[in-house]
file protein_13.cif (mmCIF, C-alpha atoms)
data_entry
#
loop_
_atom_site.label_atom_id
_atom_site.label_comp_id
_atom_site.auth_asym_id
_atom_site.auth_seq_id
_atom_site.Cartn_x
_atom_site.Cartn_y
_atom_site.Cartn_z
CA MET A 1 -12.59 8.86 -19.65
CA ALA A 2 -9.06 7.52 -19.95
CA ALA A 3 -6.58 6.10 -17.49
CA THR A 4 -2.99 5.26 -18.28
CA VAL A 5 -0.68 3.84 -15.65
CA GLY A 6 2.73 2.66 -16.77
CA VAL A 7 1.99 0.25 -19.60
CA LEU A 8 -1.73 -0.22 -18.82
CA PRO A 9 -3.90 2.16 -20.87
CA SER A 10 -7.66 1.77 -20.39
CA LYS A 11 -10.94 3.45 -21.24
CA LEU A 12 -14.14 3.91 -19.23
CA THR A 13 -17.61 4.43 -20.61
CA ALA A 14 -19.35 5.41 -17.38
CA ARG A 15 -20.12 8.67 -15.60
CA LEU A 16 -18.06 9.27 -12.49
CA GLY A 17 -20.05 8.62 -9.33
CA PRO A 18 -19.31 8.52 -5.60
CA SER A 19 -15.94 7.05 -4.71
CA LEU A 20 -14.92 4.90 -1.77
CA SER A 21 -12.04 5.38 0.64
CA ALA A 22 -11.51 2.45 2.99
CA THR A 23 -9.30 1.77 5.98
CA VAL A 24 -8.00 -1.56 4.80
CA ARG A 25 -4.34 -2.32 4.23
CA ILE A 26 -4.39 -2.67 0.47
CA VAL A 27 -6.78 0.21 -0.38
CA GLY A 28 -6.31 2.92 2.23
CA PRO A 29 -2.87 4.26 1.46
CA ARG A 30 -3.04 4.10 -2.31
CA ALA A 31 -6.51 4.32 -3.82
CA LEU A 32 -9.89 5.93 -4.02
CA LEU A 33 -12.18 3.33 -5.54
CA TRP A 34 -15.05 3.85 -7.94
CA PHE A 35 -17.08 0.75 -8.75
CA VAL A 36 -18.49 0.33 -12.27
CA PRO A 37 -20.05 -2.56 -14.18
CA ALA A 38 -17.22 -4.57 -15.75
CA SER A 39 -18.75 -3.90 -19.18
CA SER A 40 -17.92 -0.18 -18.71
CA PHE A 41 -14.19 -0.84 -18.37
CA HIS A 42 -11.98 -1.66 -21.34
CA LEU A 43 -8.33 -2.49 -20.82
CA GLN A 44 -6.52 -1.44 -24.00
CA THR A 45 -3.60 -3.80 -23.59
CA PRO A 46 -3.50 -7.62 -23.43
CA ALA A 47 -5.12 -8.98 -20.27
CA SER A 48 -1.84 -10.77 -19.53
CA ASP A 49 0.07 -7.46 -19.17
CA PRO A 50 -0.96 -6.41 -15.63
CA GLY A 51 0.32 -8.24 -12.60
CA THR A 52 -2.37 -9.62 -10.30
CA TYR A 53 -2.50 -9.86 -6.53
CA ARG A 54 -5.19 -11.64 -4.51
CA PHE A 55 -5.38 -11.57 -0.73
CA ASN A 56 -7.69 -12.58 2.09
CA LYS A 57 -10.57 -14.55 0.47
CA HIS A 58 -9.02 -14.30 -3.03
CA GLU A 59 -12.32 -12.99 -4.43
CA ILE A 60 -10.93 -9.74 -5.90
CA ALA A 61 -8.19 -9.59 -8.51
CA HIS A 62 -6.11 -6.48 -7.76
CA HIS A 63 -4.21 -5.60 -10.94
CA PHE A 64 -1.05 -3.54 -11.03
CA CYS A 65 1.45 -2.26 -13.56
CA THR A 66 4.52 -4.51 -13.59
CA VAL A 67 6.68 -1.54 -14.60
CA CYS A 68 5.71 1.12 -12.03
CA GLY A 69 3.76 -0.90 -9.42
CA VAL A 70 0.66 1.34 -9.37
CA ALA A 71 -2.66 -0.50 -9.04
CA PRO A 72 -5.17 1.21 -11.39
CA PHE A 73 -8.02 -1.29 -11.13
CA ALA A 74 -9.40 -4.47 -9.61
CA GLU A 75 -12.02 -6.94 -10.75
CA GLY A 76 -14.54 -8.91 -8.78
CA GLU A 77 -18.16 -9.85 -8.45
CA LYS A 78 -20.95 -8.79 -6.11
CA ASP A 79 -24.43 -10.29 -6.04
CA GLY A 80 -23.74 -12.01 -9.37
CA GLN A 81 -22.68 -8.79 -11.13
CA LYS A 82 -19.14 -8.49 -12.48
CA LEU A 83 -17.56 -5.21 -11.35
CA ALA A 84 -14.42 -3.23 -11.94
CA ALA A 85 -13.07 -1.11 -9.10
CA MET A 86 -11.23 1.82 -10.61
CA ASN A 87 -8.52 3.70 -8.73
CA VAL A 88 -9.81 7.25 -9.24
CA ARG A 89 -6.31 8.61 -8.59
CA CYS A 90 -5.32 7.08 -11.95
CA LEU A 91 -8.05 8.74 -14.03
CA ALA A 92 -7.06 11.66 -16.25
CA GLY A 93 -8.63 15.05 -15.57
CA ILE A 94 -10.19 14.23 -12.19
CA GLU A 95 -9.93 16.74 -9.34
CA LEU A 96 -10.03 14.73 -6.12
CA ALA A 97 -11.32 17.74 -4.16
CA ASP A 98 -14.47 17.75 -6.34
CA LEU A 99 -15.43 14.13 -5.61
CA ALA A 100 -18.14 12.79 -3.35
CA ILE A 101 -16.12 10.38 -1.21
CA ARG A 102 -17.68 7.81 1.09
CA HIS A 103 -15.35 6.73 3.91
CA VAL A 104 -15.66 3.13 5.08
CA ASP A 105 -14.05 1.64 8.18
CA GLY A 106 -12.94 -1.55 6.44
CA ARG A 107 -10.92 -2.74 9.42
CA SER A 108 -14.15 -3.23 11.37
CA LEU A 109 -15.82 -5.40 8.72
#
call {"tool": "encode", "arguments": {"input": "protein_13.cif", "output": "structure tokens"}}
result
Amino acid sequence: MAATVGVLPSKLTARLGPSLSATVRIVGPRALLWFVPASSFHLQTPASDPGTYRFNKHEIAHHFCTVCGVAPFAEGEKDGQKLAAMNVRCLAGIELADLAIRHVDGRSL
């Protein structure tokens, strides 16, 4: 599965699973997230190309295209496992209406 946003082409080697929609400021208005092991995600451009934004506890690196501003992925860790959070809206050939979406009230966490 491929994703290309601005100047950030990438490739995924994982099967699409349930996605997450959260009511938090940075995710809610712009992304549906799909979490995969970091080893399943391969950025096909130098790691220095995307811009990076960290907020709150600074535990998640939210990456964005410095040309168009879209945030196609983030990286973090949970329970010792490195994860990539893919913005499903950036994946080629995905019909959002066909996805299993789990809604999370992130503002209450």
call {"tool": "atom_distance", "arguments": {"input": "protein_13.cif", "atom1": "atom CA of Ala85 of chain A", "atom2": "atom CA of Ser48 of chain A"}}
result
18.1 Å
call {"tool": "closest_residue", "arguments": {"input": "protein_13.cif", "among": "A:Thr52, A:Ala92, A:Val67, A:Ala61", "to": "Lys11 of chain A", "atoms": "only C-alpha atoms"}}
result
A:Ala92
call {"tool": "closest_residue", "arguments": {"input": "protein_13.cif", "among": "A:Cys90, A:Ala84, A:Pro9, A:Glu75", "to": "Asp49 of chain A", "atoms": "only C-alpha atoms"}}
result
A:Pro9
call {"tool": "atom_distance", "arguments": {"input": "protein_13.cif", "atom1": "atom CA of Ser10 of chain A", "atom2": "atom CA of Gly69 of chain A"}}
result
16.1 Å
call {"tool": "atom_distance", "arguments": {"input": "protein_13.cif", "atom1": "atom CA of Leu83 of chain A", "atom2": "atom CA of Glu95 of chain A"}}
result
23.3 Å
call {"tool": "build_atoms", "arguments": {"input": "protein_13.cif", "residues": "segment 59-82 of chain A", "atoms": "N, CA and C atoms", "output": "PDB file, in the coordinates of the input"}}
result
ATOM      1  N   GLU A  59     -11.146 -13.252  -3.603  1.00  0.00           N
ATOM      2  CA  GLU A  59     -12.320 -12.990  -4.430  1.00  0.00           C
ATOM      3  C   GLU A  59     -12.116 -11.809  -5.382  1.00  0.00           C
ATOM      4  N   ILE A  60     -11.170 -10.931  -5.079  1.00  0.00           N
ATOM      5  CA  ILE A  60     -10.930  -9.740  -5.900  1.00  0.00           C
ATOM      6  C   ILE A  60      -9.548  -9.834  -6.504  1.00  0.00           C
ATOM      7  N   ALA A  61      -9.469  -9.609  -7.812  1.00  0.00           N
ATOM      8  CA  ALA A  61      -8.190  -9.590  -8.510  1.00  0.00           C
ATOM      9  C   ALA A  61      -7.706  -8.142  -8.569  1.00  0.00           C
ATOM     10  N   HIS A  62      -6.704  -7.823  -7.788  1.00  0.00           N
ATOM     11  CA  HIS A  62      -6.110  -6.480  -7.760  1.00  0.00           C
ATOM     12  C   HIS A  62      -5.007  -6.459  -8.813  1.00  0.00           C
ATOM     13  N   HIS A  63      -5.175  -5.647  -9.840  1.00  0.00           N
ATOM     14  CA  HIS A  63      -4.210  -5.600 -10.940  1.00  0.00           C
ATOM     15  C   HIS A  63      -3.271  -4.414 -10.763  1.00  0.00           C
ATOM     16  N   PHE A  64      -2.031  -4.602 -11.163  1.00  0.00           N
ATOM     17  CA  PHE A  64      -1.050  -3.540 -11.030  1.00  0.00           C
ATOM     18  C   PHE A  64      -0.115  -3.550 -12.232  1.00  0.00           C
ATOM     19  N   CYS A  65       0.487  -2.408 -12.482  1.00  0.00           N
ATOM     20  CA  CYS A  65       1.450  -2.260 -13.560  1.00  0.00           C
ATOM     21  C   CYS A  65       2.761  -2.925 -13.122  1.00  0.00           C
ATOM     22  N   THR A  66       3.280  -3.824 -13.943  1.00  0.00           N
ATOM     23  CA  THR A  66       4.520  -4.510 -13.590  1.00  0.00           C
ATOM     24  C   THR A  66       5.750  -3.645 -13.808  1.00  0.00           C
ATOM     25  N   VAL A  67       5.564  -2.465 -14.405  1.00  0.00           N
ATOM     26  CA  VAL A  67       6.680  -1.540 -14.600  1.00  0.00           C
ATOM     27  C   VAL A  67       6.786  -0.565 -13.435  1.00  0.00           C
ATOM     28  N   CYS A  68       5.655   0.077 -13.064  1.00  0.00           N
ATOM     29  CA  CYS A  68       5.710   1.120 -12.030  1.00  0.00           C
ATOM     30  C   CYS A  68       5.104   0.691 -10.690  1.00  0.00           C
ATOM     31  N   GLY A  69       4.320  -0.392 -10.669  1.00  0.00           N
ATOM     32  CA  GLY A  69       3.760  -0.900  -9.420  1.00  0.00           C
ATOM     33  C   GLY A  69       2.422  -0.303  -9.012  1.00  0.00           C
ATOM     34  N   VAL A  70       1.941   0.717  -9.711  1.00  0.00           N
ATOM     35  CA  VAL A  70       0.660   1.340  -9.370  1.00  0.00           C
ATOM     36  C   VAL A  70      -0.484   0.393  -9.713  1.00  0.00           C
ATOM     37  N   ALA A  71      -1.500   0.380  -8.856  1.00  0.00           N
ATOM     38  CA  ALA A  71      -2.660  -0.500  -9.040  1.00  0.00           C
ATOM     39  C   ALA A  71      -3.854   0.315  -9.540  1.00  0.00           C
ATOM     40  N   PRO A  72      -4.108   0.365 -10.855  1.00  0.00           N
ATOM     41  CA  PRO A  72      -5.170   1.210 -11.390  1.00  0.00           C
ATOM     42  C   PRO A  72      -6.575   0.618 -11.302  1.00  0.00           C
ATOM     43  N   PHE A  73      -6.690  -0.712 -11.170  1.00  0.00           N
ATOM     44  CA  PHE A  73      -8.020  -1.290 -11.130  1.00  0.00           C
ATOM     45  C   PHE A  73      -8.000  -2.683 -10.507  1.00  0.00           C
ATOM     46  N   ALA A  74      -9.196  -3.110 -10.129  1.00  0.00           N
ATOM     47  CA  ALA A  74      -9.400  -4.470  -9.610  1.00  0.00           C
ATOM     48  C   ALA A  74     -10.664  -5.006 -10.231  1.00  0.00           C
ATOM     49  N   GLU A  75     -10.817  -6.306 -10.204  1.00  0.00           N
ATOM     50  CA  GLU A  75     -12.020  -6.940 -10.750  1.00  0.00           C
ATOM     51  C   GLU A  75     -12.573  -7.929  -9.748  1.00  0.00           C
ATOM     52  N   GLY A  76     -13.878  -7.978  -9.683  1.00  0.00           N
ATOM     53  CA  GLY A  76     -14.540  -8.910  -8.780  1.00  0.00           C
ATOM     54  C   GLY A  76     -15.992  -9.060  -9.144  1.00  0.00           C
ATOM     55  N   GLU A  77     -16.743  -9.609  -8.216  1.00  0.00           N
ATOM     56  CA  GLU A  77     -18.160  -9.850  -8.450  1.00  0.00           C
ATOM     57  C   GLU A  77     -18.921  -9.615  -7.155  1.00  0.00           C
ATOM     58  N   LYS A  78     -20.093  -9.000  -7.265  1.00  0.00           N
ATOM     59  CA  LYS A  78     -20.950  -8.790  -6.110  1.00  0.00           C
ATOM     60  C   LYS A  78     -22.390  -9.062  -6.520  1.00  0.00           C
ATOM     61  N   ASP A  79     -23.040  -9.925  -5.766  1.00  0.00           N
ATOM     62  CA  ASP A  79     -24.430 -10.290  -6.040  1.00  0.00           C
ATOM     63  C   ASP A  79     -24.625 -10.733  -7.488  1.00  0.00           C
ATOM     64  N   GLY A  80     -23.648 -11.483  -8.013  1.00  0.00           N
ATOM     65  CA  GLY A  80     -23.740 -12.010  -9.370  1.00  0.00           C
ATOM     66  C   GLY A  80     -23.393 -11.030 -10.472  1.00  0.00           C
ATOM     67  N   GLN A  81     -23.034  -9.796 -10.125  1.00  0.00           N
ATOM     68  CA  GLN A  81     -22.680  -8.790 -11.130  1.00  0.00           C
ATOM     69  C   GLN A  81     -21.165  -8.608 -11.155  1.00  0.00           C
ATOM     70  N   LYS A  82     -20.579  -8.714 -12.340  1.00  0.00           N
ATOM     71  CA  LYS A  82     -19.140  -8.490 -12.480  1.00  0.00           C
ATOM     72  C   LYS A  82     -18.879  -6.991 -12.410  1.00  0.00           C
TER      73      LYS A  82
END
